[in-house]
Amino acid sequence: MTIPNETPKKTQVAIIGGGVAGLMLSQLLHVEGISCVILERQTRAYTEGRIRAGVLEFGTVNLLRRVGVSERMDKQGLRHEGFALMDDGESLRICLHDLVDTDVMIYGQTEITIDLMDACEARGTPLVFEARDVVLHDFDGDAPYVAYMKDGVTHRLDCDFIAGCDGAHGVSRATLPDAAAHAVEKVYPFGWLGILSDVPPMDHELIYSNHERGFALASQRSLTRSRYYIQCDVTEKIEDWSDDRIWDELEIRLGDTTAHRITRGPSLEKSIAPLRSYVCEKMQHGRLFIAGDAAHIVPPTGAKGLNLAASDVSYLADALIAHYKGADESGLNGYTDRALNRIWKAERFSWAMTQLTHRFPNMTTFDRKMQKADLSYIRASEAAQKAIAENYIGLPY
Ligand code: RFL
Ligand code: PHB
């Protein structure tokens, strides 16, 4: 792995965080000859092992191709031409292919992370794991630097710019002046319990199901690996959910007609994640820029988190490339506005999909009638289906 013997002391862009946002940014810069160093708090094994996203918009797929990191995805990824919305057992297929003539790619975030880390290694992009106690300095002026600890030794990395790609709990947003004052948040009164298992998926496409006991999602990573989710209370403990209890619940929520297609198997991973929407409307200060989950969170119902991280870093890379090519600062100055424009639309779609498919505590008959009317309208209207499809495959950038 690229833990260089001699850790660089100077670079053009210091990237904090080696998740998808940080890794993708490093490769977008690399292909343009711009140097960077990635500082990642965790080990490689930990970073690669996190089970998260599975649905890639065509824009994300294109970015991976642009940086030359798509070989495995193009071979192993599954192209999906549609998905199903189910409500009380009645199913409606949103045919992406017919509606917007594009599909999405099913390829796990774990695999993208491995591919991007391999590319860093092959191309000599310095990636420092277990970089602890990162502190950002002097980003107000022309000569920022980052201090961090590695193996008990303090290091200093001088740079032109700092890209904060360190997720929702990183140091970058916490350091960005006034970020908290620019935050907009909504917390949902439930979480998602996810299970990963080496069993064939129940269907060739994803199924989002609204059931009286709560939402369920049948997803997948490959033809032999399934990923399922169920809506649960955030106070639930994962220890109380045996594999059998999860499979029983999935069979109920995914409906009488389709449940028999579920293949049960031991869990490879299971976890509970809370759902929230969050946007930090200030994404830059001086020479510090934040991107991905460091700047925003979406509920996973719209499958947008990783894809937004990709569009953010695409904007940021464009702006940095323009700066280094011709000292054109308009991209850097306009980064926040450009990114927010797309972020809020993805927030809206993720919120709307959550609203449509989940059972909220204290839901009234009126609220449920609204869900039913919404779905009935979508079923009857090609325009409504098209609106869902164009958001699902990803708005252009
Ligand atoms: P990440 O992936 O959290 O990476 C941030 C990295 O920064 C490191 N870090 C630090 N490094 C150095 N110093 C510090 N002080 C640091 N603090 C943190 C961390 O160790 C980490 O390696 O953020 P990034 O790169 O912005 O990527 C965002 C995506 O990971 C996230 O939005 C998606 O996983 C969301 N998501 C989904 N997105 C999709 O586009 N499609 C999906 O289908 C989808 N499904 C999901 C999801 C997220 C889920 N959970 C668990 C919340 C399903 C679930 C259940
Ligand atoms: C996933 O497979 O992890 C997944 C798929 C679709 C979503 C969210 C998560 O909307």
# chains A, B, ... in the order shown; residues from 1 in each chain; ligands from 1
call {"tool": "residues_around", "arguments": {"residues": "A:Lys75", "least_positions_apart": "4", "cutoff": "12 Å", "atoms": "only C-alpha atoms", "output": "PDB file with N, CA, C and O atoms, in the first residue's frame"}}
result
ATOM      1  N   VAL A  69     -10.787   3.988 -13.662  1.00  0.00           N
ATOM      2  CA  VAL A  69     -10.925   3.023 -12.561  1.00  0.00           C
ATOM      3  C   VAL A  69     -12.274   2.306 -12.702  1.00  0.00           C
ATOM      4  O   VAL A  69     -13.080   2.267 -11.776  1.00  0.00           O
ATOM      5  N   SER A  70     -12.524   1.766 -13.889  1.00  0.00           N
ATOM      6  CA  SER A  70     -13.857   1.188 -14.110  1.00  0.00           C
ATOM      7  C   SER A  70     -13.803  -0.254 -14.593  1.00  0.00           C
ATOM      8  O   SER A  70     -14.841  -0.867 -14.839  1.00  0.00           O
ATOM      9  N   GLU A  71     -12.582  -0.823 -14.706  1.00  0.00           N
ATOM     10  CA  GLU A  71     -12.472  -2.135 -15.344  1.00  0.00           C
ATOM     11  C   GLU A  71     -13.310  -3.190 -14.616  1.00  0.00           C
ATOM     12  O   GLU A  71     -14.104  -3.906 -15.227  1.00  0.00           O
ATOM     13  N   ARG A  79     -26.216  -3.896 -14.442  1.00  0.00           N
ATOM     14  CA  ARG A  79     -26.993  -2.750 -14.942  1.00  0.00           C
ATOM     15  C   ARG A  79     -28.465  -3.014 -14.672  1.00  0.00           C
ATOM     16  O   ARG A  79     -28.989  -4.049 -15.076  1.00  0.00           O
ATOM     17  N   MET A 105     -26.182   1.468 -12.089  1.00  0.00           N
ATOM     18  CA  MET A 105     -25.244   0.347 -11.940  1.00  0.00           C
ATOM     19  C   MET A 105     -25.259  -0.111 -10.487  1.00  0.00           C
ATOM     20  O   MET A 105     -25.136   0.710  -9.577  1.00  0.00           O
ATOM     21  N   ILE A 106     -25.411  -1.416 -10.300  1.00  0.00           N
ATOM     22  CA  ILE A 106     -25.312  -1.971  -8.955  1.00  0.00           C
ATOM     23  C   ILE A 106     -23.874  -2.448  -8.777  1.00  0.00           C
ATOM     24  O   ILE A 106     -23.419  -3.381  -9.448  1.00  0.00           O
ATOM     25  N   TYR A 107     -23.157  -1.757  -7.905  1.00  0.00           N
ATOM     26  CA  TYR A 107     -21.747  -2.090  -7.649  1.00  0.00           C
ATOM     27  C   TYR A 107     -21.420  -1.484  -6.281  1.00  0.00           C
ATOM     28  O   TYR A 107     -21.580  -0.284  -6.088  1.00  0.00           O
ATOM     29  N   SER A 222     -24.595  -8.472  -5.951  1.00  0.00           N
ATOM     30  CA  SER A 222     -24.219  -9.313  -7.101  1.00  0.00           C
ATOM     31  C   SER A 222     -25.305 -10.369  -7.254  1.00  0.00           C
ATOM     32  O   SER A 222     -26.290 -10.359  -6.511  1.00  0.00           O
TER      33      SER A 222
END
call {"tool": "closest_atom_pairs", "arguments": {"of": "chain A", "to": "ligand 2", "cutoff": "10 Å", "atoms": "only C-alpha atoms and all ligand atoms", "output": "JSON lines"}}
result
{"residue": "A:Ile51", "atom": "CA", "partner": "ligand 2", "partner_atom_place_in_ligand_line": "3 (O)", "distance": 7.7}
{"residue": "A:Arg52", "atom": "CA", "partner": "ligand 2", "partner_atom_place_in_ligand_line": "3 (O)", "distance": 5.5}
{"residue": "A:Ala53", "atom": "CA", "partner": "ligand 2", "partner_atom_place_in_ligand_line": "3 (O)", "distance": 4.4}
{"residue": "A:Gly54", "atom": "CA", "partner": "ligand 2", "partner_atom_place_in_ligand_line": "2 (O)", "distance": 4.0}
{"residue": "A:Val55", "atom": "CA", "partner": "ligand 2", "partner_atom_place_in_ligand_line": "5 (C)", "distance": 5.5}
{"residue": "A:Leu56", "atom": "CA", "partner": "ligand 2", "partner_atom_place_in_ligand_line": "5 (C)", "distance": 9.2}
{"residue": "A:Phe83", "atom": "CA", "partner": "ligand 2", "partner_atom_place_in_ligand_line": "6 (C)", "distance": 9.8}
{"residue": "A:Ile106", "atom": "CA", "partner": "ligand 2", "partner_atom_place_in_ligand_line": "2 (O)", "distance": 7.7}
{"residue": "A:Tyr107", "atom": "CA", "partner": "ligand 2", "partner_atom_place_in_ligand_line": "2 (O)", "distance": 8.7}
{"residue": "A:Gly108", "atom": "CA", "partner": "ligand 2", "partner_atom_place_in_ligand_line": "2 (O)", "distance": 7.5}
{"residue": "A:Gln109", "atom": "CA", "partner": "ligand 2", "partner_atom_place_in_ligand_line": "3 (O)", "distance": 8.6}
{"residue": "A:Trp192", "atom": "CA", "partner": "ligand 2", "partner_atom_place_in_ligand_line": "9 (C)", "distance": 9.7}
{"residue": "A:Gly194", "atom": "CA", "partner": "ligand 2", "partner_atom_place_in_ligand_line": "3 (O)", "distance": 8.1}
{"residue": "A:Ile195", "atom": "CA", "partner": "ligand 2", "partner_atom_place_in_ligand_line": "3 (O)", "distance": 9.5}
{"residue": "A:Leu196", "atom": "CA", "partner": "ligand 2", "partner_atom_place_in_ligand_line": "3 (O)", "distance": 9.1}
{"residue": "A:Leu206", "atom": "CA", "partner": "ligand 2", "partner_atom_place_in_ligand_line": "6 (C)", "distance": 7.3}
{"residue": "A:Ile207", "atom": "CA", "partner": "ligand 2", "partner_atom_place_in_ligand_line": "6 (C)", "distance": 8.9}
{"residue": "A:Tyr208", "atom": "CA", "partner": "ligand 2", "partner_atom_place_in_ligand_line": "10 (O)", "distance": 8.0}
{"residue": "A:Leu217", "atom": "CA", "partner": "ligand 2", "partner_atom_place_in_ligand_line": "6 (C)", "distance": 7.4}
{"residue": "A:Ala218", "atom": "CA", "partner": "ligand 2", "partner_atom_place_in_ligand_line": "2 (O)", "distance": 7.8}
{"residue": "A:Ser219", "atom": "CA", "partner": "ligand 2", "partner_atom_place_in_ligand_line": "2 (O)", "distance": 4.7}
{"residue": "A:Gln220", "atom": "CA", "partner": "ligand 2", "partner_atom_place_in_ligand_line": "2 (O)", "distance": 5.5}
{"residue": "A:Arg221", "atom": "CA", "partner": "ligand 2", "partner_atom_place_in_ligand_line": "2 (O)", "distance": 6.7}
{"residue": "A:Ser226", "atom": "CA", "partner": "ligand 2", "partner_atom_place_in_ligand_line": "2 (O)", "distance": 8.2}
{"residue": "A:Arg227", "atom": "CA", "partner": "ligand 2", "partner_atom_place_in_ligand_line": "2 (O)", "distance": 5.7}
{"residue": "A:Tyr228", "atom": "CA", "partner": "ligand 2", "partner_atom_place_in_ligand_line": "2 (O)", "distance": 7.3}
{"residue": "A:Tyr229", "atom": "CA", "partner": "ligand 2", "partner_atom_place_in_ligand_line": "9 (C)", "distance": 7.9}
{"residue": "A:Pro299", "atom": "CA", "partner": "ligand 2", "partner_atom_place_in_ligand_line": "8 (C)", "distance": 8.5}
{"residue": "A:Pro300", "atom": "CA", "partner": "ligand 2", "partner_atom_place_in_ligand_line": "8 (C)", "distance": 4.7}
{"residue": "A:Thr301", "atom": "CA", "partner": "ligand 2", "partner_atom_place_in_ligand_line": "10 (O)", "distance": 4.0}
{"residue": "A:Gly302", "atom": "CA", "partner": "ligand 2", "partner_atom_place_in_ligand_line": "10 (O)", "distance": 4.7}
{"residue": "A:Ala303", "atom": "CA", "partner": "ligand 2", "partner_atom_place_in_ligand_line": "10 (O)", "distance": 3.8}
{"residue": "A:Lys304", "atom": "CA", "partner": "ligand 2", "partner_atom_place_in_ligand_line": "10 (O)", "distance": 7.5}
{"residue": "A:Gly305", "atom": "CA", "partner": "ligand 2", "partner_atom_place_in_ligand_line": "8 (C)", "distance": 9.0}
{"residue": "A:Ser350", "atom": "CA", "partner": "ligand 2", "partner_atom_place_in_ligand_line": "10 (O)", "distance": 8.6}
{"residue": "A:Met353", "atom": "CA", "partner": "ligand 2", "partner_atom_place_in_ligand_line": "10 (O)", "distance": 8.9}
{"residue": "A:Thr354", "atom": "CA", "partner": "ligand 2", "partner_atom_place_in_ligand_line": "10 (O)", "distance": 9.5}
{"residue": "A:Tyr392", "atom": "CA", "partner": "ligand 2", "partner_atom_place_in_ligand_line": "10 (O)", "distance": 9.2}
call {"tool": "write_last_selection", "arguments": {"atoms": "N, CA and C atoms", "output": "compact mmCIF listing (two decimals), in the first residue's frame"}}
result
# COMPACT_ATOMS: atom_id res chain seq x y z
N ILE A 51 -19.77 -1.44 4.92
CA ILE A 51 -20.81 -1.79 3.95
C ILE A 51 -21.76 -0.61 3.84
N ARG A 52 -21.84 -0.01 2.68
CA ARG A 52 -22.73 1.13 2.51
C ARG A 52 -23.46 1.08 1.17
N ALA A 53 -23.16 2.02 0.30
CA ALA A 53 -24.00 2.21 -0.89
C ALA A 53 -23.90 1.06 -1.89
N GLY A 54 -24.93 1.00 -2.74
CA GLY A 54 -24.93 -0.03 -3.77
C GLY A 54 -25.38 0.44 -5.14
N VAL A 55 -26.01 1.62 -5.21
CA VAL A 55 -26.59 2.07 -6.49
C VAL A 55 -25.80 3.25 -7.04
N LEU A 56 -25.24 3.11 -8.23
CA LEU A 56 -24.46 4.19 -8.83
C LEU A 56 -25.23 4.84 -9.97
N PHE A 83 -36.80 -0.41 -11.22
CA PHE A 83 -36.97 -0.88 -9.85
C PHE A 83 -38.46 -0.85 -9.53
N ILE A 106 -25.41 -1.42 -10.30
CA ILE A 106 -25.31 -1.97 -8.96
C ILE A 106 -23.87 -2.45 -8.78
N TYR A 107 -23.16 -1.76 -7.90
CA TYR A 107 -21.75 -2.09 -7.65
C TYR A 107 -21.42 -1.48 -6.28
N GLY A 108 -21.01 -2.32 -5.35
CA GLY A 108 -20.91 -1.89 -3.95
C GLY A 108 -19.84 -0.82 -3.71
N GLN A 109 -20.14 0.05 -2.75
CA GLN A 109 -19.17 1.08 -2.34
C GLN A 109 -17.85 0.45 -1.88
N TRP A 192 -32.72 2.45 9.67
CA TRP A 192 -32.74 1.28 8.78
C TRP A 192 -31.85 0.20 9.40
N GLY A 194 -29.92 -3.03 8.36
CA GLY A 194 -29.46 -3.66 7.11
C GLY A 194 -28.86 -5.03 7.37
N ILE A 195 -29.05 -5.94 6.43
CA ILE A 195 -28.41 -7.27 6.52
C ILE A 195 -27.79 -7.60 5.16
N LEU A 196 -26.56 -8.12 5.21
CA LEU A 196 -25.86 -8.55 3.99
C LEU A 196 -25.68 -10.05 4.08
N LEU A 206 -34.36 -3.94 -7.74
CA LEU A 206 -34.62 -3.56 -6.35
C LEU A 206 -36.12 -3.41 -6.11
N ILE A 207 -36.54 -3.70 -4.88
CA ILE A 207 -37.95 -3.52 -4.50
C ILE A 207 -38.01 -2.64 -3.24
N TYR A 208 -38.69 -1.49 -3.35
CA TYR A 208 -38.92 -0.60 -2.21
C TYR A 208 -40.36 -0.85 -1.76
N LEU A 217 -36.61 -2.87 2.02
CA LEU A 217 -35.95 -2.74 0.72
C LEU A 217 -35.19 -4.03 0.41
N ALA A 218 -35.44 -4.57 -0.77
CA ALA A 218 -34.68 -5.73 -1.25
C ALA A 218 -33.65 -5.21 -2.25
N SER A 219 -32.38 -5.25 -1.86
CA SER A 219 -31.32 -4.80 -2.76
C SER A 219 -30.30 -5.93 -2.93
N GLN A 220 -29.21 -5.62 -3.58
CA GLN A 220 -28.24 -6.67 -3.90
C GLN A 220 -26.87 -6.07 -4.19
N ARG A 221 -25.87 -6.91 -4.16
CA ARG A 221 -24.51 -6.50 -4.55
C ARG A 221 -24.04 -7.27 -5.77
N SER A 226 -26.92 -10.64 -1.42
CA SER A 226 -28.11 -9.80 -1.24
C SER A 226 -27.91 -8.80 -0.11
N ARG A 227 -28.58 -7.68 -0.26
CA ARG A 227 -28.58 -6.66 0.79
C ARG A 227 -30.05 -6.28 1.03
N TYR A 228 -30.51 -6.43 2.25
CA TYR A 228 -31.90 -6.07 2.59
C TYR A 228 -31.90 -5.05 3.71
N TYR A 229 -32.95 -4.22 3.75
CA TYR A 229 -33.12 -3.27 4.85
C TYR A 229 -34.56 -3.33 5.34
N PRO A 299 -31.20 10.80 3.62
CA PRO A 299 -31.68 9.46 3.98
C PRO A 299 -31.42 8.53 2.80
N PRO A 300 -31.05 7.27 3.03
CA PRO A 300 -30.60 6.41 1.92
C PRO A 300 -31.68 6.01 0.93
N THR A 301 -32.94 6.35 1.20
CA THR A 301 -34.05 5.91 0.35
C THR A 301 -33.89 6.30 -1.12
N GLY A 302 -33.22 7.42 -1.38
CA GLY A 302 -33.04 7.85 -2.77
C GLY A 302 -31.74 7.34 -3.38
N ALA A 303 -30.91 6.62 -2.58
CA ALA A 303 -29.61 6.10 -3.04
C ALA A 303 -28.71 7.23 -3.58
N LYS A 304 -28.63 8.32 -2.85
CA LYS A 304 -27.95 9.50 -3.39
C LYS A 304 -26.63 9.87 -2.70
N GLY A 305 -26.34 9.36 -1.48
CA GLY A 305 -25.19 9.86 -0.70
C GLY A 305 -23.86 9.77 -1.44
N SER A 350 -34.67 12.45 -2.00
CA SER A 350 -34.49 11.45 -0.92
C SER A 350 -35.58 11.61 0.13
N MET A 353 -38.94 10.29 -1.45
CA MET A 353 -38.98 8.82 -1.49
C MET A 353 -39.20 8.25 -0.10
N THR A 354 -38.62 8.91 0.91
CA THR A 354 -38.80 8.46 2.30
C THR A 354 -40.26 8.68 2.72
N TYR A 392 -33.80 9.41 -10.04
CA TYR A 392 -33.15 8.18 -9.58
C TYR A 392 -31.85 7.92 -10.34
call {"tool": "residues_around", "arguments": {"residues": "stretch 117-121 of chain A", "least_positions_apart": "6", "cutoff": "10 Å", "atoms": "only C-alpha atoms", "output": "list in words"}}
result
Met1, Thr2, Ile3, Pro4, Gly18, Gly19, Val20, Leu23, Met24, Ser26, Gln27, His30, Ile38, Arg44, Glu48, Val67, Gly68, Val69, Glu111 and Leu127 of chain A
call {"tool": "closest_residue", "arguments": {"among": "A:Leu193, A:Ala183, A:Ile252, A:Met363", "to": "A:Ala273", "atoms": "only C-alpha atoms"}}
result
A:Leu193
call {"tool": "select_by_dssp", "arguments": {"residues": "stretch 125-328 of chain A", "states": "strand (DSSP E)", "output": "PyMOL selection string"}}
result
chain A and resi 127-128+132-137+145-150+153-158+161-164+183-197+206-210+216-220+226-232+267-280+284-285+288-290+296-297
call {"tool": "residues_around", "arguments": {"residues": "A:Glu81", "least_positions_apart": "4", "cutoff": "7 Å", "atoms": "only C-alpha atoms", "output": "PyMOL selection string"}}
result
chain A and resi 95-97+103-104
call {"tool": "select_by_dssp", "arguments": {"residues": "stretch 93-321 of chain A", "states": "helix (DSSP H, G or I)", "output": "PyMOL selection string"}}
result
chain A and resi 96-100+109-123+172-175+180-182+238-240+243-253+259-261+292-294+300-302+305-321
call {"tool": "residues_around", "arguments": {"residues": "A:Val146", "least_positions_apart": "5", "cutoff": "7 Å", "atoms": "only C-alpha atoms", "output": "CSV table (one decimal) with N, CA and C atoms, in the first residue's frame"}}
result
chain,number,residue,atom,x,y,z
A,134,VAL,N,-5.6,15.1,13.1
A,134,VAL,CA,-5.4,16.0,12.0
A,134,VAL,C,-5.9,17.4,12.4
A,135,VAL,N,-5.1,18.4,12.2
A,135,VAL,CA,-5.5,19.8,12.5
A,135,VAL,C,-5.2,20.7,11.3
A,136,LEU,N,-6.2,21.5,10.9
A,136,LEU,CA,-6.0,22.3,9.7
A,136,LEU,C,-5.6,23.7,10.1
A,137,HIS,N,-4.6,24.2,9.4
A,137,HIS,CA,-4.0,25.5,9.8
A,137,HIS,C,-4.0,26.5,8.6
A,156,ARG,N,4.0,17.6,9.4
A,156,ARG,CA,3.4,18.8,8.9
A,156,ARG,C,3.4,18.7,7.4
A,157,LEU,N,2.2,18.9,6.8
A,157,LEU,CA,2.0,18.8,5.3
A,157,LEU,C,1.6,20.2,4.8
A,158,ASP,N,2.5,20.9,4.1
A,158,ASP,CA,2.2,22.2,3.5
A,158,ASP,C,1.5,22.0,2.2
call {"tool": "closest_residue", "arguments": {"among": "A:Ala179, A:Leu85, A:Val171, A:Ile114", "to": "ligand 1", "atoms": "only C-alpha atoms and all ligand atoms"}}
result
A:Val171
call {"tool": "atom_distance", "arguments": {"atom1": "atom CA of A:Arg245", "atom2": "atom CA of A:Pro200"}}
result
19.0 Å
call {"tool": "residues_around", "arguments": {"residues": "A:Met86", "least_positions_apart": "2", "cutoff": "6 Å", "atoms": "only C-alpha atoms", "output": "PDB file with N, CA, C and O atoms, in the first residue's frame"}}
result
ATOM      1  N   GLY A  89     -48.373  -4.643  -0.840  1.00  0.00           N
ATOM      2  CA  GLY A  89     -48.312  -5.809  -1.720  1.00  0.00           C
ATOM      3  C   GLY A  89     -48.548  -5.523  -3.194  1.00  0.00           C
ATOM      4  O   GLY A  89     -48.309  -6.372  -4.046  1.00  0.00           O
ATOM      5  N   GLU A  90     -49.017  -4.315  -3.522  1.00  0.00           N
ATOM      6  CA  GLU A  90     -49.237  -3.977  -4.940  1.00  0.00           C
ATOM      7  C   GLU A  90     -47.994  -3.336  -5.517  1.00  0.00           C
ATOM      8  O   GLU A  90     -47.457  -2.388  -4.928  1.00  0.00           O
ATOM      9  N   SER A  91     -47.560  -3.800  -6.672  1.00  0.00           N
ATOM     10  CA  SER A  91     -46.268  -3.377  -7.190  1.00  0.00           C
ATOM     11  C   SER A  91     -46.388  -2.476  -8.429  1.00  0.00           C
ATOM     12  O   SER A  91     -47.255  -2.680  -9.271  1.00  0.00           O
ATOM     13  N   TYR A 208     -38.686  -1.492  -3.349  1.00  0.00           N
ATOM     14  CA  TYR A 208     -38.924  -0.599  -2.209  1.00  0.00           C
ATOM     15  C   TYR A 208     -40.361  -0.846  -1.758  1.00  0.00           C
ATOM     16  O   TYR A 208     -41.286  -0.587  -2.529  1.00  0.00           O
ATOM     17  N   SER A 209     -40.548  -1.329  -0.544  1.00  0.00           N
ATOM     18  CA  SER A 209     -41.888  -1.746  -0.119  1.00  0.00           C
ATOM     19  C   SER A 209     -42.408  -0.963   1.089  1.00  0.00           C
ATOM     20  O   SER A 209     -41.748  -0.885   2.130  1.00  0.00           O
TER      21      SER A 209
END
call {"tool": "atom_distance", "arguments": {"atom1": "atom CA of A:Asp101", "atom2": "atom CA of A:Met202"}}
result
24.9 Å
call {"tool": "closest_residue", "arguments": {"among": "A:Tyr278, A:Phe161, A:Trp247, A:Tyr335", "to": "ligand 1", "atoms": "only C-alpha atoms and all ligand atoms"}}
result
A:Tyr278
call {"tool": "residues_around", "arguments": {"residues": "A:Tyr397", "least_positions_apart": "2", "cutoff": "8 Å", "atoms": "only C-alpha atoms", "output": "ChimeraX atom specification"}}
result
/A:59,311,342,395
call {"tool": "write_last_selection", "arguments": {"atoms": "N, CA, C and O atoms", "output": "PDB file, in the first residue's frame"}}
result
ATOM      1  N   GLY A  59     -23.744   9.215 -13.831  1.00  0.00           N
ATOM      2  CA  GLY A  59     -22.707  10.252 -13.675  1.00  0.00           C
ATOM      3  C   GLY A  59     -21.524   9.730 -12.870  1.00  0.00           C
ATOM      4  O   GLY A  59     -20.363  10.024 -13.178  1.00  0.00           O
ATOM      5  N   SER A 311     -20.473  13.946  -7.302  1.00  0.00           N
ATOM      6  CA  SER A 311     -20.688  15.207  -8.048  1.00  0.00           C
ATOM      7  C   SER A 311     -19.971  16.366  -7.364  1.00  0.00           C
ATOM      8  O   SER A 311     -19.402  17.228  -8.031  1.00  0.00           O
ATOM      9  N   ARG A 342     -27.269  21.196  -6.782  1.00  0.00           N
ATOM     10  CA  ARG A 342     -27.552  19.774  -7.017  1.00  0.00           C
ATOM     11  C   ARG A 342     -27.895  19.059  -5.705  1.00  0.00           C
ATOM     12  O   ARG A 342     -28.748  18.168  -5.668  1.00  0.00           O
ATOM     13  N   LEU A 395     -29.519  13.623 -11.584  1.00  0.00           N
ATOM     14  CA  LEU A 395     -29.636  14.844 -12.392  1.00  0.00           C
ATOM     15  C   LEU A 395     -28.271  15.177 -12.974  1.00  0.00           C
ATOM     16  O   LEU A 395     -27.232  14.838 -12.391  1.00  0.00           O
TER      17      LEU A 395
END
call {"tool": "closest_residue", "arguments": {"among": "A:Gly167, A:Gly77, A:Gly152, A:Gly49", "to": "ligand 1", "atoms": "only C-alpha atoms and all ligand atoms"}}
result
A:Gly167
call {"tool": "atom_distance", "arguments": {"atom1": "atom CA of A:Glu347", "atom2": "atom CA of A:Pro396"}}
result
15.1 Å
call {"tool": "closest_residue", "arguments": {"among": "A:Thr154, A:Ser381, A:Asn307, A:Thr102", "to": "ligand 1", "atoms": "only C-alpha atoms and all ligand atoms"}}
result
A:Asn307
call {"tool": "closest_residue", "arguments": {"among": "A:Ala384, A:Cys165, A:Leu275, A:Ile246", "to": "A:Asp233", "atoms": "only C-alpha atoms"}}
result
A:Leu275
